[in-house]
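A.B. asks: To start, I am sharing the structure in question, which I have written as structure tokens.
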Amino acid sequence: MNLSSENFPPRPAWTEIDLGKLRRNLQLIRGDLPKNVQLMAVVKDEAYGHGALDVVRIAVEEGAWGFGLSTLEEAMTLRDAGITAPLLLLGERQEAELEWCVAHNLTVCVNEPNVVRSLAKIAVKFGKKIPVHVKIHTGMSRYGVRWDEALPLIDKIVAEKSLSLEGVMTHFSQSDETEKGFANLQFARFNEVLQAMEQKKISIKLRHTCNSGGFLDLPHTHLDMVRVGILLYGVFPSLVCRKIPGIEPVMSVKAKIAAIQKLKPGEVVGYGMRYTATSERRIAILPIGYGDGFPRVRNEGCALIHGKRAPILGGIAMDALMVDITEIPAAQLWDEAVLMGKQGGEEITVRDIAKLKNSVTYDVLTSWRLRLRRKSVNGETKLFHKKESKTVLSADE
Ligand SMILES: *Cc1c(COP(=O)(O)O)cnc(C)c1O
């Protein structure tokens, strides 16, 4: 028997990532986009908690141009795994990070004259001409150079022989709500910059503005590329945005019943005695809690067991929560429960969990803790060989 520390039985609580659904979502998104608009898959924060490497391998096969990331570490992990597709770091870089970016062929946004100069020098040192993108802040007031101050910076980049201005981008503060007035104002500001560049005969390969909301609802702003994150993972950015039929959530959260208890009238459940039985009850204990990222609720929310809703009783603990299975007599020890996702005809959506957490779907996807472990299913790939992660291919090899 192999009792090595890598070979222990998996914990009876996990996140399940259906890579077949991810592939289908990518195909539906790609099919919805005009041929001449590129798709950047946004895979920051471990692909919104889905596992960046698995997502990248499938997105390369489904025709993504490249990938949007947040940190240097995220990007280098993908390079180390053999991914050669373009990787764009979306935020700001510290000066000290620039050499690594050049050495590992990571594309950065340059939004500041000092960074332009430093990056140009480093590129010369490495004997490279490197692509860069400029992020233009058009009203979001986060990263980027102001739209009305962008041209001098763009001139500086164009003047550097070791840099090539590949992309110009902006980001919408509100793209997935019914009111599109501010998004249109932002787009008008962005267009002012593009027009000024055109007058100076500065040509750009990739002009991009859209996140998932913009991709769905602002087709006149697609330009050369869209940056899609949450929709890849099967979650629509809002209730009011356009829907593409067939897009389905990729992530589920599951656990197995680890104990069953009987309650007599008057008996209580959990810390703080937040639930008191008024009649005889049968309850199941699921080995998952707020230490795994489940919202810290009391007498709210449910799990799906045998395709039925089992309400949460009492307050949830770090490692356990209790659900009422009185109405599900067939439920047995070690039966599977679904905390997020589908079972039978029932579904607990990412948005349902977001409500319990008083937060947004993005936060729910990225908050599941790694001690849950990810179990990827339906992840067969054509180009990539799982076991030989150092020799994976890119789309153009
Ligand atoms: C995260 C991010 C996106 C993706 O947003 P979604 O709403 O998840 O599609 C796009 N662009 C930038 C700059 C981002 O930071």
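Note on naming: chains are A, B, ... as they come in the structure tokens, residues start from 1 per chain, ligands start from 1 in the order shown.
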If you take only C-alpha atoms and all ligand atoms and a cut-off of 10 Å, which residues of chain A touch ligand 1, and what are their nearest atom pairs and distances in Å to one decimal, in chain and number order, as CSV?
C.D. replies:
```
residue,atom,partner,partner_atom_place_in_ligand_line,distance
A:Met40,CA,ligand 1,10 (C),8.7
A:Ala41,CA,ligand 1,4 (C),8.1
A:Val42,CA,ligand 1,4 (C),5.6
A:Val43,CA,ligand 1,1 (C),8.2
A:Lys44,CA,ligand 1,1 (C),7.1
A:Asp45,CA,ligand 1,1 (C),9.3
A:Ala47,CA,ligand 1,8 (O),9.7
A:Tyr48,CA,ligand 1,8 (O),8.3
A:Gly68,CA,ligand 1,12 (C),7.5
A:Leu69,CA,ligand 1,15 (O),8.0
A:Ser70,CA,ligand 1,15 (O),7.5
A:Leu88,CA,ligand 1,13 (C),9.9
A:Leu89,CA,ligand 1,13 (C),9.1
A:Leu90,CA,ligand 1,13 (C),5.6
A:Gly91,CA,ligand 1,15 (O),7.4
A:Lys135,CA,ligand 1,13 (C),8.6
A:Arg142,CA,ligand 1,13 (C),9.9
A:Tyr143,CA,ligand 1,13 (C),8.8
A:Met169,CA,ligand 1,13 (C),8.3
A:Thr170,CA,ligand 1,13 (C),7.4
A:His171,CA,ligand 1,13 (C),5.6
A:Phe172,CA,ligand 1,11 (N),8.4
A:Gln174,CA,ligand 1,7 (O),9.9
A:Ser175,CA,ligand 1,7 (O),8.7
A:Asp176,CA,ligand 1,7 (O),8.5
A:His208,CA,ligand 1,11 (N),9.0
A:Thr209,CA,ligand 1,11 (N),7.6
A:Cys210,CA,ligand 1,10 (C),6.6
A:Asn211,CA,ligand 1,9 (O),4.0
A:Ser212,CA,ligand 1,9 (O),3.5
A:Gly213,CA,ligand 1,7 (O),6.1
A:Gly214,CA,ligand 1,9 (O),8.2
A:Phe215,CA,ligand 1,9 (O),8.2
A:Leu216,CA,ligand 1,9 (O),9.7
A:Val226,CA,ligand 1,10 (C),8.0
A:Arg227,CA,ligand 1,10 (C),4.8
A:Val228,CA,ligand 1,9 (O),4.1
A:Gly229,CA,ligand 1,8 (O),3.4
A:Ile230,CA,ligand 1,8 (O),3.8
A:Leu231,CA,ligand 1,9 (O),6.1
A:Leu232,CA,ligand 1,9 (O),8.0
A:Tyr233,CA,ligand 1,8 (O),9.0
A:Val235,CA,ligand 1,8 (O),9.1
A:Phe236,CA,ligand 1,7 (O),8.7
A:Pro237,CA,ligand 1,7 (O),6.1
A:Ser238,CA,ligand 1,7 (O),9.5
A:Thr361,CA,ligand 1,8 (O),9.9
A:Tyr362,CA,ligand 1,8 (O),7.4
```
A.B. asks: Distance table requested - range 302-396 of chain A against range 7-21 of chain A, cut-off 7 Å, only C-alpha atoms: one row per qualifying residue with the closest atom pair and its distance in Å to one decimal, ordered by chain and rising residue number, as CSV.
C.D. replies:
```
residue,atom,partner,partner_atom,distance
A:Leu372,CA,A:Trp14,CA,4.6
A:Arg373,CA,A:Trp14,CA,5.5
A:Arg374,CA,A:Thr15,CA,4.9
A:Lys375,CA,A:Glu16,CA,4.8
A:Ser376,CA,A:Ile17,CA,4.6
A:Val377,CA,A:Asp18,CA,5.0
A:Asn378,CA,A:Gly20,CA,5.0
A:Gly379,CA,A:Leu19,CA,4.9
```
A.B. asks: Just to be explicit: take each residue in the selection above, keep all heavy atoms, and write the result as a compact mmCIF listing (two decimals), in the first residue's frame.
C.D. replies:
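That gives us out.txt:
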```txt
# COMPACT_ATOMS: atom_id res chain seq x y z
N LEU A 372 -9.94 23.06 0.40
CA LEU A 372 -11.01 22.28 -0.21
C LEU A 372 -10.50 21.39 -1.34
O LEU A 372 -11.10 20.38 -1.65
CB LEU A 372 -12.08 23.20 -0.78
CG LEU A 372 -13.20 23.68 0.13
CD1 LEU A 372 -14.13 24.59 -0.64
CD2 LEU A 372 -13.98 22.51 0.71
N ARG A 373 -9.42 21.83 -1.99
CA ARG A 373 -8.88 21.14 -3.18
C ARG A 373 -9.85 21.24 -4.35
O ARG A 373 -11.04 21.18 -4.19
CB ARG A 373 -8.55 19.66 -2.93
CG ARG A 373 -7.52 19.42 -1.86
CD ARG A 373 -6.18 20.05 -2.23
NE ARG A 373 -5.23 19.92 -1.14
CZ ARG A 373 -4.36 18.91 -1.03
NH1 ARG A 373 -4.34 17.98 -1.95
NH2 ARG A 373 -3.54 18.85 -0.01
N ARG A 374 -9.26 21.37 -5.53
CA ARG A 374 -10.06 21.41 -6.75
C ARG A 374 -10.03 20.05 -7.41
O ARG A 374 -8.96 19.47 -7.58
CB ARG A 374 -9.45 22.39 -7.76
CG ARG A 374 -9.67 23.80 -7.43
CD ARG A 374 -9.11 24.66 -8.58
NE ARG A 374 -8.74 25.94 -8.01
CZ ARG A 374 -7.52 26.36 -7.85
NH1 ARG A 374 -6.50 25.64 -8.27
NH2 ARG A 374 -7.29 27.52 -7.29
N LYS A 375 -11.20 19.57 -7.80
CA LYS A 375 -11.26 18.33 -8.56
C LYS A 375 -11.73 18.71 -9.95
O LYS A 375 -12.86 19.17 -10.12
CB LYS A 375 -12.25 17.39 -7.87
CG LYS A 375 -12.37 16.04 -8.51
CD LYS A 375 -13.33 15.19 -7.69
CE LYS A 375 -13.85 14.05 -8.54
NZ LYS A 375 -15.02 13.43 -7.93
N SER A 376 -10.84 18.58 -10.94
CA SER A 376 -11.22 18.94 -12.31
C SER A 376 -11.80 17.73 -13.00
O SER A 376 -11.25 16.63 -12.90
CB SER A 376 -9.99 19.42 -13.09
OG SER A 376 -9.50 20.60 -12.48
N VAL A 377 -12.91 17.93 -13.70
CA VAL A 377 -13.52 16.83 -14.45
C VAL A 377 -13.69 17.25 -15.91
O VAL A 377 -13.76 18.44 -16.22
CB VAL A 377 -14.88 16.38 -13.84
CG1 VAL A 377 -14.69 15.87 -12.43
CG2 VAL A 377 -15.90 17.52 -13.86
N ASN A 378 -13.78 16.28 -16.81
CA ASN A 378 -13.99 16.51 -18.25
C ASN A 378 -12.93 17.43 -18.85
O ASN A 378 -13.25 18.29 -19.67
CB ASN A 378 -15.39 17.08 -18.51
CG ASN A 378 -16.47 16.20 -17.94
OD1 ASN A 378 -16.36 14.97 -18.00
ND2 ASN A 378 -17.50 16.79 -17.37
N GLY A 379 -11.68 17.25 -18.43
CA GLY A 379 -10.62 18.17 -18.84
C GLY A 379 -9.71 17.65 -19.95
O GLY A 379 -8.58 18.10 -20.05
```
A.B. asks: Could you tell me which of A:Gln38, A:His306, A:Ile257, A:Asp217 comes closest to Ile244 in chain A if we count only C-alpha atoms?
C.D. replies: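 Answer, going by the shortest atom-to-atom distance: A:Asp217.
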A.B. asks: Using DSSP on the backbone coordinates, identify the residues of range 181-326 of chain A assigned to helix (DSSP H, G or I); present them as a tab-separated table (two decimals) with C-alpha atoms, in the first residue's frame.
C.D. replies:
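After the write, out-v1.tsv holds the following:
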```tsv
chain	number	residue	atom	x	y	z
A	181	GLY	CA	-24.58	56.61	-20.03
A	182	PHE	CA	-21.29	56.61	-18.15
A	183	ALA	CA	-19.86	53.74	-20.22
A	184	ASN	CA	-20.65	55.72	-23.37
A	185	LEU	CA	-18.99	58.82	-21.93
A	186	GLN	CA	-15.90	56.72	-21.13
A	187	PHE	CA	-15.90	55.33	-24.66
A	188	ALA	CA	-16.16	58.84	-26.12
A	189	ARG	CA	-13.12	59.91	-24.07
A	190	PHE	CA	-11.23	56.81	-25.24
A	191	ASN	CA	-12.13	57.63	-28.84
A	192	GLU	CA	-10.69	61.14	-28.45
A	193	VAL	CA	-7.33	59.52	-27.70
A	194	LEU	CA	-7.68	57.06	-30.59
A	195	GLN	CA	-8.52	59.85	-33.02
A	196	ALA	CA	-5.57	61.95	-31.89
A	197	MET	CA	-3.33	58.92	-32.44
A	198	GLU	CA	-4.78	58.38	-35.87
A	199	GLN	CA	-3.98	61.97	-36.81
A	212	SER	CA	-17.78	40.52	-19.72
A	213	GLY	CA	-20.46	43.20	-19.29
A	214	GLY	CA	-19.11	45.27	-22.18
A	215	PHE	CA	-18.74	42.19	-24.38
A	216	LEU	CA	-22.40	41.33	-23.79
A	217	ASP	CA	-24.01	44.74	-23.84
A	219	PRO	CA	-20.96	45.70	-28.96
A	220	HIS	CA	-20.10	49.11	-30.45
A	221	THR	CA	-17.11	49.21	-28.07
A	230	ILE	CA	-16.46	35.92	-15.18
A	231	LEU	CA	-18.52	34.86	-18.21
A	232	LEU	CA	-15.94	32.18	-19.12
A	233	TYR	CA	-16.74	30.61	-15.78
A	271	TYR	CA	-22.39	27.25	18.72
A	272	GLY	CA	-24.53	29.85	20.41
A	273	MET	CA	-27.53	27.47	20.36
A	290	TYR	CA	-16.40	29.23	6.96
A	291	GLY	CA	-12.77	28.06	7.06
A	292	ASP	CA	-13.42	26.81	3.53
```
A.B. asks: If you run DSSP on the backbone here, which positions in range 175-280 of chain A get strand (DSSP E)? Please write them as a VMD selection string.
C.D. replies: chain A and resid 206 to 210 225 to 228 251 to 256 259 to 263 268 to 269 275 to 276
A.B. asks: If we count only C-alpha atoms, what is near range 110-119 of chain A at a cut-off of 12 Å, once residues fewer than 4 positions away on the same chain are taken out, given as a CSV table (one decimal) with C-alpha atoms, in the first residue's frame?
C.D. replies:
```
chain,number,residue,atom,x,y,z
A,88,LEU,CA,-0.8,40.7,-20.2
A,89,LEU,CA,-0.4,42.0,-16.6
A,90,LEU,CA,-3.4,44.3,-16.1
A,91,GLY,CA,-2.3,46.4,-13.1
A,92,GLU,CA,0.7,48.6,-12.3
A,93,ARG,CA,4.2,47.1,-12.0
A,94,GLN,CA,6.8,48.0,-9.5
A,95,GLU,CA,10.1,49.1,-11.0
A,96,ALA,CA,11.9,46.0,-9.6
A,97,GLU,CA,9.5,43.6,-11.4
A,98,LEU,CA,10.3,44.9,-14.9
A,99,GLU,CA,13.4,42.8,-15.6
A,100,TRP,CA,11.4,39.7,-14.8
A,101,CYS,CA,8.7,40.8,-17.1
A,102,VAL,CA,11.1,41.3,-20.0
A,103,ALA,CA,13.1,38.1,-19.3
A,106,LEU,CA,5.3,39.1,-20.1
A,123,ALA,CA,14.6,45.7,-23.4
A,124,VAL,CA,17.8,47.0,-24.9
A,125,LYS,CA,19.8,45.1,-22.3
A,126,PHE,CA,18.0,41.9,-23.3
A,128,LYS,CA,14.5,42.6,-27.4
A,129,LYS,CA,11.8,44.8,-28.9
A,130,ILE,CA,8.9,44.2,-26.6
A,131,PRO,CA,5.2,44.8,-26.9
A,132,VAL,CA,3.5,47.1,-24.4
A,133,HIS,CA,-0.1,48.3,-23.7
A,134,VAL,CA,-1.2,51.6,-22.4
A,135,LYS,CA,-4.1,51.7,-20.0
A,136,ILE,CA,-6.1,54.9,-20.3
A,137,HIS,CA,-8.2,55.9,-17.4
A,142,ARG,CA,-8.1,53.4,-10.9
A,143,TYR,CA,-5.1,52.3,-12.9
A,144,GLY,CA,-3.9,54.2,-16.0
A,145,VAL,CA,-3.0,57.6,-17.4
A,146,ARG,CA,-5.9,60.1,-17.7
A,147,TRP,CA,-7.5,60.3,-21.1
A,149,GLU,CA,-3.0,63.5,-20.5
A,150,ALA,CA,-2.4,60.3,-22.5
A,151,LEU,CA,-0.9,61.6,-25.7
A,152,PRO,CA,2.5,62.8,-24.4
A,153,LEU,CA,3.0,59.4,-22.8
A,154,ILE,CA,2.0,57.6,-26.0
A,155,ASP,CA,4.5,59.8,-27.9
A,156,LYS,CA,7.2,58.8,-25.5
A,157,ILE,CA,6.5,55.1,-26.0
A,158,VAL,CA,6.5,55.4,-29.8
A,159,ALA,CA,9.9,57.2,-29.6
A,160,GLU,CA,11.5,54.2,-27.8
A,161,LYS,CA,13.0,51.9,-30.4
A,162,SER,CA,13.0,48.9,-28.1
A,163,LEU,CA,9.3,49.2,-27.3
A,164,SER,CA,6.4,48.5,-29.7
A,165,LEU,CA,3.0,49.9,-28.7
A,166,GLU,CA,0.8,46.9,-29.3
A,167,GLY,CA,-2.3,47.8,-27.3
A,168,VAL,CA,-4.3,50.7,-26.0
A,169,MET,CA,-7.0,49.9,-23.5
A,170,THR,CA,-9.5,51.3,-21.0
```
A.B. asks: Given the choices A:Thr276, A:Asp224, A:Gly139, A:Gly341, which gets closest to Ala303 in chain A if the distance is worked out from only C-alpha atoms?
C.D. replies: A:Gly341
A.B. asks: Show which residues sit within 9 Å of Leu313 in chain A, as an NGL selection string. Count only C-alpha atoms, and ignore same-chain residues fewer than 4 positions away.
C.D. replies: :A and (269-270 or 274-276 or 283 or 298-302 or 321-324)
A.B. asks: Find the distance between CA of Ile29 in chain A and CA of Leu339 in chain A and write it in Å to one decimal.
C.D. replies: 27.2 Å
A.B. asks: Do you have the CA of Gly344 in chain A-CA of Ala330 in chain A distance handy?
C.D. replies: 14.6 Å
A.B. asks: Restricting the calculation to only C-alpha atoms, which member of A:Pro86, A:Gly289, A:Gly315, A:Gly307 is positioned closest to Glu336 in chain A?
C.D. replies: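 Under the stated criterion, the closest residue is A:Gly307.
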A.B. asks: Considering only C-alpha atoms, state which residue in the set A:Lys256, A:Glu280, A:Gly234, A:Pro34 is at the smallest distance from Asp335 in chain A.
C.D. replies: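 Closest candidate: A:Lys256.
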A.B. asks: Might you pull out every residue within 9 Å of Glu327 in chain A, with only C-alpha atoms counted and same-chain residues fewer than 5 positions away left off, and present them as a list in words?
C.D. replies: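 The residues satisfying every condition are Arg281, Arg282, Lys308 and Ala310 of chain A.
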